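Visitor: Handing you this structure, nothing more for now.
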Amino acid sequence: MQRVDPVSAYPPASSRTIEQWLDPDLGSRYSAEFGTRLREIADARAGVAAMWAAFLSLGLSAVLFALVMLAVTARVDATVPWMIAGAAVAAVSALFLRRVRRWMPRPGASVASRGPGDLRGGLWAAGAILVALNALFAISVLTTGDFGPILFVDLGTVLLLASAFIVPPAIIGRSRETLRRQAAKDPRLLATLERERLTWTPRPGTSMFGPL
């Protein structure tokens, strides 16, 4: 049966091939805020990937911090449980992060993000928090002259801020470039996007299938 595209003021999904819809030159002709199905897919996938990447970073950070504490204090009983827990979180997160590559969000799906939307914003937010925290400790450090505790606090804070404010925005800010790159390297993903193109119909907020 021949597909009949619904009447719309915008070009139908069948007006271009999936490769043409993914073309960055075509995407540059439309504003970044213009909603399309491909952009919806990219943003939703990046939102979920950012969440699992944050957990992965958090798990690895726990392992790293525990290793530093072990090297300094030699307290196995206080650090090994942190290593085990961190490694478990990292392993589970890596598994789910890998599954995101095969995930196709349903039409209308969105993943809310309350933090910075790109790497630059994440770096500014993390830097501001770190500076503010060190300012609070400055008087105590200058009074006692003991820099040891603040160094441990800074290490833990940097690792935590990286997981929460740097890793997710770095992924979300490059959502569309990532989908384009993955589709170019993964024939299965490209085939899935092609099936999406053949079955997609306009919805409120997404009047066009592409561009990306």
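Identifiers in this document derive from the order of the structure tokens: chains are assigned A, B, ..., residues are numbered from 1 separately in each chain, and ligands are numbered from 1 in order of occurrence.
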Can you check which parts of segment 119-200 of chain A lie within 6 Å of segment 21-45 of chain A? Per residue, the shortest pair of atoms and distance in Å to one decimal, counting only C-alpha atoms, sorted by chain and number, as a Markdown table.
Guide:
```
| residue | atom | partner | partner_atom | distance |
| --- | --- | --- | --- | --- |
| A:Ser175 | CA | A:Ala42 | CA | 5.4 |
| A:Arg176 | CA | A:Ala42 | CA | 5.3 |
| A:Leu179 | CA | A:Ala42 | CA | 5.8 |
```
Visitor: Using only all heavy atoms, please write the residues we just selected to a file, as an mmCIF file, in the first residue's frame.
Guide:
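Written output follows (result21.cif):
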```cif
data_model
loop_
_atom_site.group_PDB
_atom_site.id
_atom_site.type_symbol
_atom_site.label_atom_id
_atom_site.label_comp_id
_atom_site.auth_asym_id
_atom_site.auth_seq_id
_atom_site.Cartn_x
_atom_site.Cartn_y
_atom_site.Cartn_z
ATOM 1 N N SER A 175 23.791 16.850 21.784
ATOM 2 C CA SER A 175 22.840 15.771 21.512
ATOM 3 C C SER A 175 22.673 15.515 20.018
ATOM 4 O O SER A 175 22.662 14.358 19.571
ATOM 5 C CB SER A 175 21.489 16.097 22.144
ATOM 6 O OG SER A 175 20.961 17.307 21.603
ATOM 7 N N ARG A 176 22.544 16.558 19.242
ATOM 8 C CA ARG A 176 22.260 16.391 17.817
ATOM 9 C C ARG A 176 23.495 15.938 17.045
ATOM 10 O O ARG A 176 23.387 15.097 16.142
ATOM 11 C CB ARG A 176 21.691 17.695 17.262
ATOM 12 C CG ARG A 176 20.366 18.041 17.941
ATOM 13 C CD ARG A 176 19.888 19.447 17.700
ATOM 14 N NE ARG A 176 18.712 19.727 18.539
ATOM 15 C CZ ARG A 176 18.063 20.877 18.561
ATOM 16 N NH1 ARG A 176 18.472 21.878 17.798
ATOM 17 N NH2 ARG A 176 17.019 21.039 19.351
ATOM 18 N N LEU A 179 23.826 12.150 17.788
ATOM 19 C CA LEU A 179 22.924 11.290 17.022
ATOM 20 C C LEU A 179 23.382 11.187 15.572
ATOM 21 O O LEU A 179 23.348 10.100 14.978
ATOM 22 C CB LEU A 179 21.497 11.830 17.085
ATOM 23 C CG LEU A 179 20.453 11.011 16.313
ATOM 24 C CD1 LEU A 179 20.363 9.591 16.858
ATOM 25 C CD2 LEU A 179 19.086 11.689 16.365
#
```
Visitor: Which residues come within 12 Å of Gly148 of chain A, counting only C-alpha atoms, excluding same-chain residues fewer than 6 positions away, as a ChimeraX atom specification?
Guide: /A:69,72,137,140-141,154-155
Visitor: Could you name the residues that touch Leu56 of chain A at 12 Å or less, counting only C-alpha atoms, but leaving out those on the same chain fewer than 6 positions away, as JSON, numbers by chain?
Guide: {"A": [49, 50, 62, 63, 85, 86, 87, 88, 89, 90, 91, 92, 93, 94, 95, 96, 97, 98, 159, 160, 162, 163, 164, 167, 168]}
Visitor: Output the selection as a PDB file, in the first residue's frame - N, CA and C atoms for each residue.
Guide:
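Output contents, as saved in again32.pdb:
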```pdb
ATOM      1  N   ALA A  49      20.943   9.488  28.343  1.00  0.00           N
ATOM      2  CA  ALA A  49      22.375   9.175  28.376  1.00  0.00           C
ATOM      3  C   ALA A  49      23.100  10.027  29.411  1.00  0.00           C
ATOM      4  N   ALA A  50      22.715  11.293  29.525  1.00  0.00           N
ATOM      5  CA  ALA A  50      23.347  12.185  30.499  1.00  0.00           C
ATOM      6  C   ALA A  50      23.098  11.700  31.924  1.00  0.00           C
ATOM      7  N   ALA A  62      33.554   7.756  43.299  1.00  0.00           N
ATOM      8  CA  ALA A  62      33.592   7.120  44.616  1.00  0.00           C
ATOM      9  C   ALA A  62      34.789   6.184  44.729  1.00  0.00           C
ATOM     10  N   VAL A  63      35.060   5.448  43.658  1.00  0.00           N
ATOM     11  CA  VAL A  63      36.218   4.547  43.661  1.00  0.00           C
ATOM     12  C   VAL A  63      37.513   5.345  43.771  1.00  0.00           C
ATOM     13  N   ALA A  85      30.897  -0.290  46.335  1.00  0.00           N
ATOM     14  CA  ALA A  85      29.644   0.386  45.985  1.00  0.00           C
ATOM     15  C   ALA A  85      29.816   1.234  44.730  1.00  0.00           C
ATOM     16  N   GLY A  86      30.920   1.965  44.658  1.00  0.00           N
ATOM     17  CA  GLY A  86      31.167   2.801  43.486  1.00  0.00           C
ATOM     18  C   GLY A  86      31.325   1.982  42.223  1.00  0.00           C
ATOM     19  N   ALA A  87      32.045   0.869  42.324  1.00  0.00           N
ATOM     20  CA  ALA A  87      32.234   0.006  41.157  1.00  0.00           C
ATOM     21  C   ALA A  87      30.907  -0.590  40.705  1.00  0.00           C
ATOM     22  N   ALA A  88      30.048  -0.954  41.654  1.00  0.00           N
ATOM     23  CA  ALA A  88      28.738  -1.517  41.305  1.00  0.00           C
ATOM     24  C   ALA A  88      27.874  -0.482  40.593  1.00  0.00           C
ATOM     25  N   VAL A  89      27.851   0.738  41.120  1.00  0.00           N
ATOM     26  CA  VAL A  89      27.077   1.810  40.484  1.00  0.00           C
ATOM     27  C   VAL A  89      27.606   2.089  39.080  1.00  0.00           C
ATOM     28  N   ALA A  90      28.924   2.119  38.938  1.00  0.00           N
ATOM     29  CA  ALA A  90      29.522   2.385  37.632  1.00  0.00           C
ATOM     30  C   ALA A  90      29.195   1.278  36.637  1.00  0.00           C
ATOM     31  N   ALA A  91      29.239   0.028  37.081  1.00  0.00           N
ATOM     32  CA  ALA A  91      28.967  -1.095  36.184  1.00  0.00           C
ATOM     33  C   ALA A  91      27.520  -1.084  35.699  1.00  0.00           C
ATOM     34  N   VAL A  92      26.590  -0.872  36.620  1.00  0.00           N
ATOM     35  CA  VAL A  92      25.170  -0.828  36.241  1.00  0.00           C
ATOM     36  C   VAL A  92      24.904   0.358  35.314  1.00  0.00           C
ATOM     37  N   SER A  93      25.500   1.494  35.623  1.00  0.00           N
ATOM     38  CA  SER A  93      25.301   2.689  34.798  1.00  0.00           C
ATOM     39  C   SER A  93      25.858   2.490  33.396  1.00  0.00           C
ATOM     40  N   ALA A  94      27.018   1.858  33.304  1.00  0.00           N
ATOM     41  CA  ALA A  94      27.613   1.598  31.991  1.00  0.00           C
ATOM     42  C   ALA A  94      26.721   0.680  31.158  1.00  0.00           C
ATOM     43  N   LEU A  95      26.091  -0.289  31.815  1.00  0.00           N
ATOM     44  CA  LEU A  95      25.190  -1.199  31.109  1.00  0.00           C
ATOM     45  C   LEU A  95      23.996  -0.446  30.533  1.00  0.00           C
ATOM     46  N   PHE A  96      23.358   0.389  31.356  1.00  0.00           N
ATOM     47  CA  PHE A  96      22.199   1.137  30.876  1.00  0.00           C
ATOM     48  C   PHE A  96      22.604   2.211  29.866  1.00  0.00           C
ATOM     49  N   LEU A  97      23.783   2.785  30.043  1.00  0.00           N
ATOM     50  CA  LEU A  97      24.263   3.783  29.087  1.00  0.00           C
ATOM     51  C   LEU A  97      24.458   3.154  27.715  1.00  0.00           C
ATOM     52  N   ARG A  98      24.922   1.935  27.702  1.00  0.00           N
ATOM     53  CA  ARG A  98      25.104   1.227  26.433  1.00  0.00           C
ATOM     54  C   ARG A  98      23.760   0.951  25.760  1.00  0.00           C
ATOM     55  N   LEU A 159      34.962  16.079  42.259  1.00  0.00           N
ATOM     56  CA  LEU A 159      34.437  14.853  41.660  1.00  0.00           C
ATOM     57  C   LEU A 159      32.910  14.874  41.609  1.00  0.00           C
ATOM     58  N   LEU A 160      32.301  15.364  42.682  1.00  0.00           N
ATOM     59  CA  LEU A 160      30.841  15.435  42.722  1.00  0.00           C
ATOM     60  C   LEU A 160      30.301  16.454  41.721  1.00  0.00           C
ATOM     61  N   ALA A 162      31.768  17.473  39.016  1.00  0.00           N
ATOM     62  CA  ALA A 162      31.986  16.973  37.656  1.00  0.00           C
ATOM     63  C   ALA A 162      30.865  16.023  37.248  1.00  0.00           C
ATOM     64  N   SER A 163      30.459  15.167  38.177  1.00  0.00           N
ATOM     65  CA  SER A 163      29.396  14.202  37.881  1.00  0.00           C
ATOM     66  C   SER A 163      28.052  14.883  37.681  1.00  0.00           C
ATOM     67  N   ALA A 164      27.793  15.937  38.448  1.00  0.00           N
ATOM     68  CA  ALA A 164      26.470  16.560  38.430  1.00  0.00           C
ATOM     69  C   ALA A 164      26.353  17.737  37.471  1.00  0.00           C
ATOM     70  N   VAL A 167      29.512  16.558  33.381  1.00  0.00           N
ATOM     71  CA  VAL A 167      29.251  15.421  32.488  1.00  0.00           C
ATOM     72  C   VAL A 167      27.889  15.519  31.796  1.00  0.00           C
ATOM     73  N   PRO A 168      26.779  15.721  32.531  1.00  0.00           N
ATOM     74  CA  PRO A 168      25.478  15.791  31.841  1.00  0.00           C
ATOM     75  C   PRO A 168      25.370  16.923  30.814  1.00  0.00           C
TER      76      PRO A 168
END
```
Visitor: Do a neighbour search on segment 181-194 of chain A at 8 Å with only C-alpha atoms, toss out local chain neighbours closer than 5 positions, and write the hits as a list in words.
Guide: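 My list of contacting residues is Ile18, Arg101, Arg102 and Met104 of chain A.
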Visitor: Quick one: pull the distance between atom CA of Asp118 of chain A and atom CA of Ala170 of chain A, Å, one decimal.
Guide: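 Result for atom CA of Asp118 of chain A versus atom CA of Ala170 of chain A: 5.6 Å, one decimal.
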Visitor: Go through A:Gly156, A:Pro81, A:Gly108, A:Gly173 and flag the residue nearest Thr206 of chain A, using only C-alpha atoms for the distances.
Guide: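 Closest residue, counting only C-alpha atoms: A:Gly108.
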